[in-house]
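Q: As input, take protein02.cif (mmCIF, C-alpha atoms and all ligand atoms):
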```
data_run
loop_
_atom_site.label_atom_id
_atom_site.label_comp_id
_atom_site.auth_asym_id
_atom_site.auth_seq_id
_atom_site.Cartn_x
_atom_site.Cartn_y
_atom_site.Cartn_z
CA MET A 4 -26.98 -3.09 10.68
CA LEU A 5 -25.53 -5.06 7.80
CA LEU A 6 -24.81 -8.78 7.88
CA VAL A 7 -22.38 -10.50 5.51
CA GLY A 8 -22.94 -14.18 6.03
CA ASN A 9 -23.35 -17.70 4.77
CA GLY A 10 -19.64 -17.91 4.01
CA LYS A 11 -16.34 -19.25 5.25
CA VAL A 12 -15.08 -16.46 7.49
CA VAL A 13 -11.30 -16.10 7.70
CA THR A 14 -11.23 -13.85 10.75
CA ARG A 15 -7.43 -13.49 11.25
CA GLY A 16 -8.42 -13.20 14.90
CA LYS A 17 -9.00 -15.51 17.84
CA ALA A 18 -12.11 -17.01 16.21
CA GLY A 19 -9.93 -18.52 13.44
CA LEU A 20 -11.95 -19.90 10.53
CA LEU A 21 -15.74 -20.05 10.80
CA GLU A 22 -17.75 -22.40 8.60
CA ASN A 23 -21.10 -20.87 7.70
CA GLY A 24 -19.96 -17.72 9.45
CA CYS A 25 -21.23 -14.19 9.41
CA VAL A 26 -19.94 -10.69 10.14
CA ALA A 27 -22.33 -8.09 11.56
CA LEU A 28 -21.46 -4.49 10.69
CA GLU A 29 -22.87 -1.56 12.59
CA GLY A 30 -21.85 1.73 11.02
CA LYS A 31 -18.10 1.87 10.62
CA LYS A 32 -17.33 -0.99 13.00
CA ILE A 33 -17.81 -4.74 13.29
CA ALA A 34 -20.45 -5.47 15.92
CA ALA A 35 -20.10 -9.24 15.99
CA VAL A 36 -18.62 -12.24 14.19
CA GLY A 37 -20.26 -15.62 14.53
CA ASP A 38 -22.62 -18.20 13.14
CA THR A 39 -24.91 -17.01 10.34
CA LYS A 40 -28.11 -18.42 11.80
CA ALA A 41 -27.36 -17.06 15.27
CA LEU A 42 -26.52 -13.55 14.03
CA ARG A 43 -29.58 -13.43 11.77
CA GLU A 44 -31.70 -14.27 14.79
CA GLN A 45 -29.87 -11.73 16.92
CA TYR A 46 -30.35 -8.99 14.31
CA PRO A 47 -33.73 -9.62 12.66
CA GLY A 48 -34.48 -7.18 9.88
CA ALA A 49 -30.81 -6.40 9.24
CA GLU A 50 -29.78 -6.13 5.59
CA PHE A 51 -28.19 -9.45 4.59
CA ILE A 52 -25.46 -9.97 1.99
CA ASP A 53 -25.41 -13.64 1.14
CA ALA A 54 -21.84 -14.76 0.47
CA GLY A 55 -23.23 -17.99 -0.96
CA GLY A 56 -20.52 -20.19 0.57
CA LYS A 57 -17.70 -17.94 -0.62
CA VAL A 58 -14.82 -16.74 1.58
CA ILE A 59 -15.31 -13.68 3.82
CA MET A 60 -12.05 -11.95 4.81
CA PRO A 61 -10.78 -8.66 6.21
CA GLY A 62 -10.09 -6.01 3.54
CA LEU A 63 -6.51 -6.09 2.24
CA ILE A 64 -3.86 -3.43 2.87
CA ASN A 65 -1.24 -2.18 0.40
CA ALA A 66 1.69 -0.74 2.37
CA HIS A 67 3.54 0.94 -0.52
CA ASN A 68 2.02 2.15 -3.76
CA HIS A 69 2.50 4.92 -6.36
CA ILE A 70 -0.64 6.49 -7.74
CA TYR A 71 1.51 8.54 -10.14
CA SER A 72 2.41 5.39 -12.05
CA ALA A 73 -1.17 4.64 -13.16
CA PHE A 74 -0.87 6.40 -16.53
CA ALA A 75 2.35 4.54 -17.37
CA ARG A 76 0.29 1.67 -18.70
CA GLY A 77 0.93 1.47 -22.45
CA LEU A 78 3.02 4.65 -22.44
CA SER A 79 5.95 4.94 -24.82
CA ILE A 80 8.37 7.80 -24.16
CA LYS A 81 10.39 9.12 -27.11
CA GLY A 82 14.07 8.20 -26.79
CA TYR A 83 13.57 6.08 -23.66
CA ALA A 84 16.08 3.22 -23.76
CA PRO A 85 17.10 2.42 -20.17
CA GLN A 86 20.27 0.49 -19.39
CA ASN A 87 19.89 0.35 -15.61
CA PHE A 88 17.72 1.36 -12.64
CA LEU A 89 18.79 5.02 -12.68
CA ASP A 90 17.91 5.23 -16.38
CA ILE A 91 14.49 3.77 -15.54
CA LEU A 92 13.97 6.35 -12.78
CA ASP A 93 15.03 9.34 -14.83
CA GLY A 94 13.73 8.21 -18.23
CA MET A 95 10.37 6.88 -17.10
CA TRP A 96 9.21 7.86 -13.59
CA TRP A 97 10.81 11.27 -13.22
CA THR A 98 9.89 12.18 -16.79
CA MET A 99 6.29 11.27 -16.03
CA ASP A 100 6.10 13.08 -12.71
CA ARG A 101 7.71 16.25 -14.12
CA HIS A 102 4.74 16.51 -16.52
CA MET A 103 2.08 15.52 -14.03
CA ASN A 104 -0.40 18.27 -13.15
CA LEU A 105 -3.17 18.17 -10.56
CA LYS A 106 -5.72 16.78 -13.02
CA ASP A 107 -3.36 13.98 -14.04
CA THR A 108 -2.81 13.20 -10.35
CA TYR A 109 -6.53 13.22 -9.54
CA TRP A 110 -7.49 10.87 -12.37
CA SER A 111 -4.51 8.59 -11.67
CA ALA A 112 -5.84 8.36 -8.14
CA MET A 113 -9.39 7.64 -9.31
CA ALA A 114 -8.13 4.82 -11.56
CA THR A 115 -5.97 3.39 -8.77
CA TYR A 116 -8.56 3.46 -5.99
CA LEU A 117 -11.18 2.04 -8.36
CA ASP A 118 -8.87 -0.88 -9.09
CA CYS A 119 -8.17 -1.29 -5.37
CA ILE A 120 -11.88 -1.70 -4.65
CA ARG A 121 -12.09 -4.30 -7.41
CA CYS A 122 -9.10 -6.17 -5.90
CA GLY A 123 -10.40 -6.05 -2.33
CA VAL A 124 -7.78 -3.54 -1.16
CA THR A 125 -9.43 -1.29 1.41
CA THR A 126 -6.37 0.62 2.77
CA VAL A 127 -3.57 2.11 0.67
CA PHE A 128 -0.28 3.72 1.74
CA ASP A 129 0.79 5.88 -1.21
CA HIS A 130 4.11 7.60 -1.94
CA HIS A 131 3.37 10.36 -4.45
CA ALA A 132 5.41 12.57 -6.78
CA SER A 133 4.15 15.06 -9.38
CA TYR A 134 6.80 17.70 -9.95
CA GLY A 135 4.59 19.28 -12.63
CA GLY A 136 2.02 20.10 -9.93
CA ILE A 137 3.16 19.76 -6.34
CA SER A 138 0.94 22.06 -4.27
CA GLY A 139 -2.47 20.49 -3.81
CA SER A 140 -1.46 17.09 -5.19
CA LEU A 141 -2.05 15.19 -1.93
CA PHE A 142 -5.37 17.01 -1.54
CA ALA A 143 -6.34 15.95 -5.08
CA ILE A 144 -5.54 12.32 -4.23
CA ALA A 145 -7.46 12.61 -0.96
CA ASP A 146 -10.47 13.94 -2.89
CA ALA A 147 -10.40 10.82 -5.08
CA ALA A 148 -9.98 8.54 -2.05
CA GLN A 149 -12.91 10.21 -0.32
CA GLU A 150 -15.09 10.09 -3.43
CA LEU A 151 -14.50 6.36 -3.81
CA GLY A 152 -14.42 5.71 -0.06
CA VAL A 153 -10.99 4.09 0.24
CA ARG A 154 -8.90 4.39 3.42
CA THR A 155 -5.53 5.93 2.62
CA CYS A 156 -2.28 7.30 4.06
CA LEU A 157 -0.53 9.79 1.77
CA CYS A 158 2.76 11.63 1.42
CA TYR A 159 4.70 13.56 -1.20
CA GLU A 160 8.20 12.37 -2.21
CA VAL A 161 10.44 15.33 -1.33
CA SER A 162 13.60 15.39 -3.46
CA ASP A 163 16.38 17.77 -4.51
CA ARG A 164 16.31 16.41 -8.03
CA ASP A 165 14.28 19.31 -9.49
CA GLY A 166 15.93 22.09 -7.51
CA GLU A 167 15.53 23.75 -4.15
CA GLU A 168 12.27 25.57 -4.86
CA LYS A 169 10.45 22.35 -5.73
CA MET A 170 12.05 20.54 -2.80
CA ARG A 171 10.64 23.23 -0.48
CA GLU A 172 7.24 23.04 -2.19
CA GLY A 173 7.21 19.28 -1.55
CA VAL A 174 7.95 19.75 2.14
CA LYS A 175 5.16 22.32 2.39
CA GLU A 176 2.68 20.02 0.63
CA ASN A 177 3.43 17.27 3.16
CA ALA A 178 3.22 19.68 6.11
CA ASP A 179 -0.06 21.20 4.88
CA PHE A 180 -1.54 17.77 4.30
CA ILE A 181 -0.40 16.40 7.68
CA ALA A 182 -2.01 19.45 9.34
CA HIS A 183 -5.21 18.82 7.36
CA CYS A 184 -5.28 15.16 8.45
CA ALA A 185 -4.69 16.09 12.08
CA LYS A 186 -8.09 17.84 12.00
CA ASP A 187 -9.83 14.95 10.24
CA THR A 188 -11.98 12.74 12.43
CA THR A 189 -13.03 10.10 9.88
CA ASP A 190 -9.94 7.89 10.35
CA MET A 191 -10.05 7.49 6.55
CA VAL A 192 -7.10 9.71 5.63
CA LYS A 193 -3.64 10.15 7.18
CA GLY A 194 -0.47 11.97 6.19
CA MET A 195 3.26 11.28 6.45
CA MET A 196 6.40 13.20 5.49
CA GLY A 197 7.43 11.64 2.17
CA LEU A 198 11.07 11.51 1.13
CA HIS A 199 12.16 10.21 -2.25
CA ALA A 200 15.45 8.50 -1.34
CA SER A 201 18.76 9.23 0.38
CA PHE A 202 20.61 9.86 -2.89
CA THR A 203 18.32 12.74 -3.91
CA LEU A 204 18.23 14.48 -0.51
CA SER A 205 20.97 16.58 1.06
CA ASP A 206 21.45 16.87 4.82
CA ALA A 207 19.96 20.37 4.65
CA SER A 208 16.85 19.07 2.90
CA LEU A 209 16.44 16.29 5.44
CA ALA A 210 16.75 18.87 8.21
CA LEU A 211 13.98 20.95 6.61
CA CYS A 212 11.78 17.85 6.40
CA ARG A 213 12.38 17.04 10.06
CA GLU A 214 11.57 20.61 11.03
CA HIS A 215 8.16 20.35 9.35
CA THR A 216 7.24 16.90 10.67
CA PRO A 217 5.10 17.06 13.79
CA GLU A 218 5.37 14.68 16.73
CA GLY A 219 3.67 11.35 16.09
CA VAL A 220 4.21 11.47 12.31
CA GLY A 221 6.98 9.59 10.51
CA PHE A 222 8.68 9.44 7.14
CA HIS A 223 8.05 7.26 4.10
CA ILE A 224 11.20 6.73 2.03
CA HIS A 225 12.79 4.39 -0.52
CA VAL A 226 15.91 2.82 0.98
CA ALA A 227 18.80 1.15 -0.84
CA GLU A 228 16.56 0.18 -3.73
CA GLY A 229 19.54 0.29 -6.07
CA MET A 230 23.28 0.17 -5.40
CA ALA A 231 23.43 3.77 -6.64
CA ASP A 232 21.73 4.83 -3.39
CA VAL A 233 24.37 2.96 -1.34
CA TYR A 234 27.34 4.28 -3.36
CA ASP A 235 26.02 7.84 -3.12
CA SER A 236 25.71 7.64 0.66
CA LEU A 237 29.16 6.07 1.08
CA LYS A 238 30.78 8.61 -1.22
CA LYS A 239 29.12 11.75 0.16
CA TYR A 240 28.72 10.87 3.82
CA GLY A 241 31.10 7.94 4.42
CA LYS A 242 28.29 5.69 5.68
CA ARG A 243 25.64 3.34 4.37
CA VAL A 244 22.04 4.48 3.80
CA ILE A 245 20.40 3.20 7.00
CA GLN A 246 23.27 4.57 9.10
CA ARG A 247 22.85 7.96 7.42
CA LEU A 248 19.08 8.00 7.97
CA PHE A 249 19.61 6.99 11.60
CA ASP A 250 22.12 9.80 12.10
CA GLN A 251 19.64 12.20 10.47
CA ASP A 252 16.89 11.09 12.87
CA ILE A 253 14.64 9.80 10.10
CA LEU A 254 14.08 6.26 11.45
CA GLY A 255 11.62 5.19 14.13
CA GLU A 256 8.36 3.35 14.73
CA LYS A 257 6.37 5.76 12.53
CA THR A 258 8.75 5.56 9.56
CA VAL A 259 8.21 3.31 6.54
CA THR A 260 11.27 2.31 4.54
CA GLY A 261 10.50 0.86 1.11
CA HIS A 262 12.63 -1.97 -0.32
CA CYS A 263 15.79 -2.11 1.91
CA ILE A 264 17.46 -4.34 -0.67
CA HIS A 265 21.12 -3.55 -0.07
CA VAL A 266 21.22 -3.51 3.72
CA ASN A 267 23.76 -5.38 5.83
CA GLY A 268 23.51 -6.93 9.29
CA LEU A 269 24.41 -3.74 11.10
CA GLU A 270 21.73 -1.84 9.19
CA MET A 271 19.19 -4.55 10.07
CA ASP A 272 20.19 -4.11 13.73
CA ILE A 273 19.45 -0.39 13.41
CA LEU A 274 16.07 -1.04 11.74
CA LYS A 275 15.19 -3.45 14.55
CA GLU A 276 16.37 -1.22 17.39
CA THR A 277 14.57 1.84 16.04
CA ASP A 278 11.45 -0.28 15.34
CA THR A 279 11.36 1.12 11.80
CA MET A 280 8.90 -0.45 9.34
CA VAL A 281 10.06 -2.10 6.10
CA VAL A 282 7.89 -2.72 3.06
CA HIS A 283 8.83 -5.36 0.50
CA ASN A 284 7.80 -4.90 -3.16
CA PRO A 285 8.75 -8.13 -4.92
CA GLU A 286 7.44 -7.49 -8.44
CA SER A 287 9.02 -4.06 -8.65
CA ASN A 288 12.40 -5.33 -7.43
CA MET A 289 12.38 -8.07 -10.06
CA GLY A 290 11.17 -5.73 -12.79
CA ASN A 291 13.86 -3.15 -12.10
CA ALA A 292 16.49 -5.88 -11.72
CA VAL A 293 17.76 -4.25 -8.55
CA GLY A 294 18.21 -7.43 -6.54
CA CYS A 295 16.29 -9.34 -3.89
CA PRO A 296 16.13 -7.91 -0.36
CA PRO A 297 17.01 -10.02 2.70
CA THR A 298 13.31 -9.98 3.62
CA LEU A 299 13.20 -13.34 5.36
CA GLU A 300 16.18 -12.45 7.53
CA MET A 301 14.61 -9.11 8.44
CA ILE A 302 11.42 -10.90 9.51
CA HIS A 303 13.43 -13.46 11.52
CA ARG A 304 15.17 -10.58 13.27
CA GLY A 305 11.78 -9.24 14.29
CA ILE A 306 11.72 -6.17 12.01
CA LEU A 307 8.12 -5.19 11.23
CA THR A 308 7.90 -6.06 7.53
CA GLY A 309 4.92 -5.56 5.25
CA LEU A 310 4.05 -6.07 1.61
CA GLY A 311 3.51 -3.44 -1.07
CA THR A 312 3.21 -3.26 -4.83
CA ASP A 313 5.27 -0.14 -5.69
CA GLY A 314 2.76 0.72 -8.42
CA TYR A 315 3.20 -2.58 -10.24
CA THR A 316 -0.30 -3.79 -9.47
CA ASN A 317 -3.11 -3.15 -7.00
CA ASP A 318 -3.62 -6.89 -6.49
CA MET A 319 -2.13 -7.93 -3.14
CA PHE A 320 -2.66 -11.63 -3.94
CA GLU A 321 -0.42 -11.14 -6.99
CA SER A 322 2.24 -9.45 -4.85
CA MET A 323 1.99 -12.32 -2.37
CA LYS A 324 2.44 -14.95 -5.10
CA VAL A 325 5.52 -13.21 -6.46
CA ALA A 326 7.06 -12.75 -3.00
CA ASN A 327 6.57 -16.47 -2.39
CA ILE A 328 8.53 -17.57 -5.45
CA LEU A 329 11.09 -14.74 -5.46
CA HIS A 330 12.68 -15.79 -2.17
CA LYS A 331 12.67 -19.48 -3.05
CA HIS A 332 14.30 -18.67 -6.37
CA ASN A 333 16.79 -16.24 -4.87
CA LEU A 334 17.92 -18.58 -2.10
CA CYS A 335 17.74 -21.72 -4.31
CA ASP A 336 15.65 -23.21 -1.51
CA PRO A 337 12.07 -24.37 -2.14
CA THR A 338 11.41 -24.79 1.58
CA VAL A 339 11.56 -21.09 2.56
CA ALA A 340 9.06 -18.20 2.68
CA TRP A 341 5.90 -20.25 3.28
CA GLY A 342 5.28 -18.60 6.64
CA GLU A 343 6.91 -15.21 6.14
CA VAL A 344 5.00 -14.19 3.01
CA PRO A 345 1.47 -14.54 4.45
CA GLN A 346 2.84 -13.04 7.67
CA MET A 347 3.85 -9.87 5.75
CA LEU A 348 0.43 -9.42 4.16
CA PHE A 349 -1.85 -10.58 6.97
CA GLU A 350 0.10 -9.53 10.07
CA GLY A 351 2.75 -7.03 8.94
CA ASN A 352 0.42 -4.80 6.93
CA PRO A 353 -2.26 -4.59 9.67
CA ALA A 354 0.51 -3.76 12.18
CA ILE A 355 1.77 -1.01 9.85
CA GLY A 356 -1.82 0.22 9.47
CA ALA A 357 -2.14 0.33 13.26
CA ARG A 358 0.71 2.82 13.49
CA TYR A 359 -1.37 5.38 11.57
CA PHE A 360 -5.05 4.45 11.81
CA ASP A 361 -7.06 4.28 15.02
CA SER A 362 -9.47 1.65 13.70
CA LYS A 363 -8.26 -1.92 13.97
CA LEU A 364 -7.52 -3.13 10.44
CA GLY A 365 -6.91 -6.56 8.92
CA VAL A 366 -9.05 -8.56 11.36
CA LEU A 367 -12.69 -9.53 11.62
CA GLU A 368 -13.63 -9.18 15.27
CA GLU A 369 -15.89 -7.04 17.41
CA GLY A 370 -14.80 -3.40 17.37
CA ALA A 371 -12.54 -3.68 14.30
CA ALA A 372 -13.07 -1.54 11.19
CA ALA A 373 -15.95 -2.59 8.95
CA ASP A 374 -13.54 -3.34 6.08
CA VAL A 375 -14.70 -6.68 4.69
CA ILE A 376 -14.33 -8.52 1.41
CA VAL A 377 -15.92 -11.60 -0.11
CA VAL A 378 -13.79 -13.75 -2.39
CA ASP A 379 -15.27 -16.17 -4.89
CA TYR A 380 -13.27 -19.22 -3.91
CA ASP A 381 -14.61 -22.74 -3.63
CA PRO A 382 -11.86 -25.02 -2.26
CA LEU A 383 -11.18 -28.25 -4.10
CA THR A 384 -9.49 -29.74 -1.04
CA PRO A 385 -10.27 -29.39 2.69
CA MET A 386 -9.77 -25.80 3.86
CA THR A 387 -8.98 -25.48 7.56
CA VAL A 388 -7.65 -22.80 9.88
CA ASP A 389 -4.18 -24.32 9.47
CA ASN A 390 -4.00 -24.33 5.67
CA THR A 391 -5.96 -21.15 4.85
CA ASN A 392 -2.84 -19.35 3.63
CA GLY A 393 -2.05 -22.16 1.18
CA HIS A 394 -5.56 -21.87 -0.27
CA ILE A 395 -5.19 -18.10 -0.56
CA LEU A 396 -1.68 -18.27 -2.07
CA PHE A 397 -2.56 -20.73 -4.81
CA GLY A 398 -6.28 -20.17 -5.19
CA MET A 399 -7.07 -16.48 -5.09
CA MET A 400 -6.48 -13.43 -7.29
CA GLY A 401 -7.72 -9.87 -6.85
CA ARG A 402 -10.23 -10.43 -9.65
CA ASP A 403 -11.89 -13.11 -7.51
CA VAL A 404 -13.03 -10.48 -5.02
CA VAL A 405 -16.76 -10.04 -5.56
CA THR A 406 -17.77 -7.81 -2.67
CA THR A 407 -15.82 -4.98 -1.03
CA ILE A 408 -17.05 -3.09 2.02
CA ILE A 409 -14.97 -0.20 3.38
CA ASN A 410 -15.73 1.66 6.60
CA GLY A 411 -19.14 0.00 6.59
CA GLU A 412 -20.01 1.17 3.07
CA VAL A 413 -20.64 -1.36 0.33
CA LYS A 414 -18.41 -0.28 -2.59
CA MET A 415 -18.84 -3.42 -4.69
CA LYS A 416 -21.44 -6.18 -4.40
CA ASP A 417 -21.39 -9.38 -6.47
CA ARG A 418 -18.79 -7.72 -8.73
CA GLN A 419 -21.07 -4.71 -9.39
CA LEU A 420 -19.68 -1.38 -8.18
CA VAL A 421 -22.12 0.50 -5.96
CA GLY A 422 -22.57 4.22 -6.63
CA ILE A 423 -19.45 4.27 -8.79
CA ASP A 424 -19.61 4.74 -12.56
CA LYS A 425 -16.59 2.73 -13.69
CA ALA A 426 -17.12 3.33 -17.41
CA ALA A 427 -17.33 7.10 -16.90
CA ILE A 428 -14.23 7.17 -14.67
CA LEU A 429 -12.16 5.11 -17.09
CA ALA A 430 -13.32 7.20 -20.06
CA LYS A 431 -12.18 10.32 -18.22
CA CYS A 432 -8.86 8.61 -17.36
CA ARG A 433 -8.27 7.74 -21.03
CA GLU A 434 -8.99 11.33 -22.03
CA GLN A 435 -6.68 12.74 -19.35
CA SER A 436 -3.87 10.24 -20.02
CA THR A 437 -4.02 11.01 -23.76
CA ASP A 438 -3.41 14.66 -22.92
CA PHE A 439 -0.71 13.71 -20.38
CA TRP A 440 1.13 11.49 -22.87
CA SER A 441 1.06 14.20 -25.56
CA ARG A 442 2.63 16.68 -23.10
CA ILE A 443 5.36 14.15 -22.24
CA ASN A 444 6.21 13.47 -25.86
CA ALA A 445 5.72 17.06 -27.10
ZN ZN B 1 8.26 3.01 -4.41
#
```
So, in terms of structure tokens, how does the structure I just supplied come out?
Ligand SMILES: [Zn+2]
A:
Amino acid sequence: MLLVGNGKVVTRGKAGLLENGCVALEGKKIAAVGDTKALREQYPGAEFIDAGGKVIMPGLINAHNHIYSAFARGLSIKGYAPQNFLDILDGMWWTMDRHMNLKDTYWSAMATYLDCIRCGVTTVFDHHASYGGISGSLFAIADAAQELGVRTCLCYEVSDRDGEEKMREGVKENADFIAHCAKDTTDMVKGMMGLHASFTLSDASLALCREHTPEGVGFHIHVAEGMADVYDSLKKYGKRVIQRLFDQDILGEKTVTGHCIHVNGLEMDILKETDTMVVHNPESNMGNAVGCPPTLEMIHRGILTGLGTDGYTNDMFESMKVANILHKHNLCDPTVAWGEVPQMLFEGNPAIGARYFDSKLGVLEEGAAADVIVVDYDPLTPMTVDNTNGHILFGMMGRDVVTTIINGEVKMKDRQLVGIDKAAILAKCREQSTDFWSRINA
């Protein structure tokens, strides 16, 4: 039994906000949430982590990330001078992933999951590509996730862009990994059928993907991130992207669509009726200058919408801050997005998690997963159950997370990693990325 107490507990459940609250963890699950004194009396002799008045919250979830982008930090590619989004894809991301071998993938994953722990992110949905080493890449990422103890849902981005053989290898990697996850009983690792995007997948390739996707598993795909994706679909198939994916039987309650920037009302109707999930990645959309998605409208229409980072950061508080100002800026309306942005992170992402993981995520209540974080935040104004999201939005960053517990295991305590040698991991990452960069620029 482990108690995390003497803090302000933001439960995200029926209990609301508990002053001087405590969470009791028994193995991988939460046994009780309540008053610190009462729980300490109920569980005498239990190990006690003293939050010292700080904020205790459920672990955060990232609904769309790219581990392959980790080694892009500081990278300069010879001759890279992008003019638009397609140039960025081909010149930067596809150039990187064409050179990425299994070791590059593994260490990119170690760096990413390490950062997630430090930012209080306990569950990560990743969308991976490494055309320089496809077979075994999801298994390499899963090894890193298991080593560091982070909950994760993985897939490989199948695409025709490097030829049919590699497309088929990508499908097989997904299928092998999904089969592996089906036998796993830890509830720490799940698999999906990853698809890059409509404009790099023919109907025949989509059919092959469908054929290798078992019942109960969905797809994870970028949708209408740039206008090029829309033009390609209109030109080749005479329909917009969501319509095409619907006709190809790709949508549904287990499918995650990233971005959905250039979608019209009819496409939103289809997303809603098929109960397809949408993940918004505000920083990435701004950085690639691809436009702002109609996120608020999608949420108002009842489409399950979550928040991701698309590899830009592992800090969900940062993504939340950017989402908050992006929609105000885009709509020239300072009154919007106050409710929808916290809803994406604190309700949307747990609901997305629930479609893959059996454990209840994103809430501190009896029976939920023992994924708990402590954030060093001392409010300068009254903090109540009604204004918690305002305090989080303006007062917290990932670096304020001091303690991270995943699946009942303490991964970081008072900002000290537990059983994880950060310096050694980062040294290895620098060594591997040096080698990776030299292969890219050879
Ligand atoms: Zn993405």
Q: I need the residue nearest Gln246 of chain A from this list: A:Ile224, A:Gln435, A:Leu274, A:Gly261. Use only C-alpha atoms for the distance.
A: A:Leu274
Q: Place a sphere of radius 10 Å on (22.8, -4.6, 6.6) in the file coordinates and name every protein, DNA or RNA residue with an atom inside or on its surface, counting all atoms listed in the file; give the answer as a compact mmCIF listing (two decimals) with C-alpha atoms, in the frame of the given file.
A:
```txt
# COMPACT_ATOMS: atom_id res chain seq x y z
CA ARG A 243 25.64 3.34 4.37
CA VAL A 244 22.04 4.48 3.80
CA ILE A 245 20.40 3.20 7.00
CA GLN A 246 23.27 4.57 9.10
CA CYS A 263 15.79 -2.11 1.91
CA ILE A 264 17.46 -4.34 -0.67
CA HIS A 265 21.12 -3.55 -0.07
CA VAL A 266 21.22 -3.51 3.72
CA ASN A 267 23.76 -5.38 5.83
CA GLY A 268 23.51 -6.93 9.29
CA LEU A 269 24.41 -3.74 11.10
CA GLU A 270 21.73 -1.84 9.19
CA MET A 271 19.19 -4.55 10.07
CA ASP A 272 20.19 -4.11 13.73
CA ILE A 273 19.45 -0.39 13.41
CA LEU A 274 16.07 -1.04 11.74
CA PRO A 297 17.01 -10.02 2.70
CA MET A 301 14.61 -9.11 8.44
```
Q: Just checking: using all atoms listed in the file, which residue out of A:Thr14, A:Thr260, A:Asn104, A:Ser133 ends up closest to ligand ZN 1 (chain B)?
A: A:Thr260
Q: Kindly provide, as number ranges by chain, the polymer residues lying within 9 Å of (-10.1, -14.4, -3.0), counting all atoms listed in the file and using the coordinates exactly as they appear in the file.
A: A: 57-60, 122-123, 320, 376-380, 395, 398-405
Q: Which residue, A:Thr115, A:Thr203, A:Thr277, A:Asn444, has the smallest gap to Gly82 of chain A when you use all atoms listed in the file?
A: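 Selected residue with least distance to Gly82 of chain A: A:Asn444.
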Q: Any idea what's packed within 6 Å of Val127 of chain A, counting only C-alpha atoms, ignoring anything in its chain fewer than 2 positions away? Could you give it as number ranges by chain?
A: A: 64-65, 155
Q: Using all atoms listed in the file, which residue out of A:Leu198, A:Leu78, A:Ala292, A:Ile328 lies closest to ligand ZN 1 (chain B)?
A: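 Result for the nearest residue to ligand ZN 1 (chain B): A:Leu198.
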Q: As a quick test: using all atoms listed in the file, which residues lie no more than 9 Å away from ligand ZN 1 (chain B)? Give them as a PyMOL selection string.
A: chain A and resi 67-69+129-131+199+224-225+228+261-262+284+287+311-314
Q: I'd like to know which of A:Val36, A:Ala73, A:Met323, A:Ala426 is closest to Leu20 of chain A, using all atoms listed in the file.
A: A:Val36
Q: Point out the residue among A:Val282, A:Leu92, A:Ala132, A:Leu367 with the least atom-to-atom distance to Ala231 of chain A, counting only C-alpha atoms.
A: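 Using only C-alpha atoms, Ala231 of chain A sits closest to A:Leu92.
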Q: Work out how far atom CA of Asp318 of chain A is from atom CA of Cys119 of chain A, in Å to one decimal.
A: 7.3 Å
Q: Write out as a VMD selection string the residues lying within 8 Å of Glu368 of chain A, counting only C-alpha atoms and excluding same-chain residues fewer than 3 positions away.
A: chain A and resid 14 16 33 to 36 371
Q: Find the spatial neighbours of Val375 of chain A, counting all atoms listed in the file, within a cut-off of 9 Å - ignore same-chain residues fewer than 5 positions away - and output them as an mmCIF file with C-alpha atoms, in the frame of the given file.
A:
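around_12.cif, freshly written:
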```cif
data_model
loop_
_atom_site.group_PDB
_atom_site.id
_atom_site.type_symbol
_atom_site.label_atom_id
_atom_site.label_comp_id
_atom_site.auth_asym_id
_atom_site.auth_seq_id
_atom_site.Cartn_x
_atom_site.Cartn_y
_atom_site.Cartn_z
ATOM 1 C CA VAL A 7 -22.380 -10.500 5.510
ATOM 2 C CA VAL A 26 -19.940 -10.690 10.140
ATOM 3 C CA ILE A 59 -15.310 -13.680 3.820
ATOM 4 C CA MET A 60 -12.050 -11.950 4.810
ATOM 5 C CA PRO A 61 -10.780 -8.660 6.210
ATOM 6 C CA GLY A 62 -10.090 -6.010 3.540
ATOM 7 C CA LEU A 63 -6.510 -6.090 2.240
ATOM 8 C CA GLY A 123 -10.400 -6.050 -2.330
ATOM 9 C CA THR A 125 -9.430 -1.290 1.410
ATOM 10 C CA GLY A 365 -6.910 -6.560 8.920
ATOM 11 C CA VAL A 366 -9.050 -8.560 11.360
ATOM 12 C CA LEU A 367 -12.690 -9.530 11.620
ATOM 13 C CA THR A 406 -17.770 -7.810 -2.670
ATOM 14 C CA THR A 407 -15.820 -4.980 -1.030
ATOM 15 C CA ILE A 408 -17.050 -3.090 2.020
ATOM 16 C CA ILE A 409 -14.970 -0.200 3.380
ATOM 17 C CA ASN A 410 -15.730 1.660 6.600
ATOM 18 C CA GLY A 411 -19.140 0.000 6.590
#
```
Q: How far is it from atom CA of Phe439 of chain A to atom CA of Ala112 of chain A, in Å with one decimal?
A: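 Between atom CA of Phe439 of chain A and atom CA of Ala112 of chain A the gap is 14.3 Å.
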Q: Quote the spacing between atom CA of Glu168 of chain A and atom CA of Arg101 of chain A in Å to one decimal place.
A: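 One can read the atom CA of Glu168 of chain A to atom CA of Arg101 of chain A distance as 13.9 Å.
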Q: Which residues, written as an mmCIF file with C-alpha atoms, keeping the file's coordinate frame, have at least one atom at most 9 Å from Leu105 of chain A, with only C-alpha atoms counted and residues fewer than 3 positions away on the same chain left out?
A:
```cif
data_model
loop_
_atom_site.group_PDB
_atom_site.id
_atom_site.type_symbol
_atom_site.label_atom_id
_atom_site.label_comp_id
_atom_site.auth_asym_id
_atom_site.auth_seq_id
_atom_site.Cartn_x
_atom_site.Cartn_y
_atom_site.Cartn_z
ATOM 1 C CA THR A 108 -2.810 13.200 -10.350
ATOM 2 C CA TYR A 109 -6.530 13.220 -9.540
ATOM 3 C CA TRP A 110 -7.490 10.870 -12.370
ATOM 4 C CA SER A 133 4.150 15.060 -9.380
ATOM 5 C CA GLY A 135 4.590 19.280 -12.630
ATOM 6 C CA GLY A 136 2.020 20.100 -9.930
ATOM 7 C CA ILE A 137 3.160 19.760 -6.340
ATOM 8 C CA SER A 138 0.940 22.060 -4.270
ATOM 9 C CA GLY A 139 -2.470 20.490 -3.810
ATOM 10 C CA SER A 140 -1.460 17.090 -5.190
ATOM 11 C CA ALA A 143 -6.340 15.950 -5.080
ATOM 12 C CA ILE A 144 -5.540 12.320 -4.230
#
```
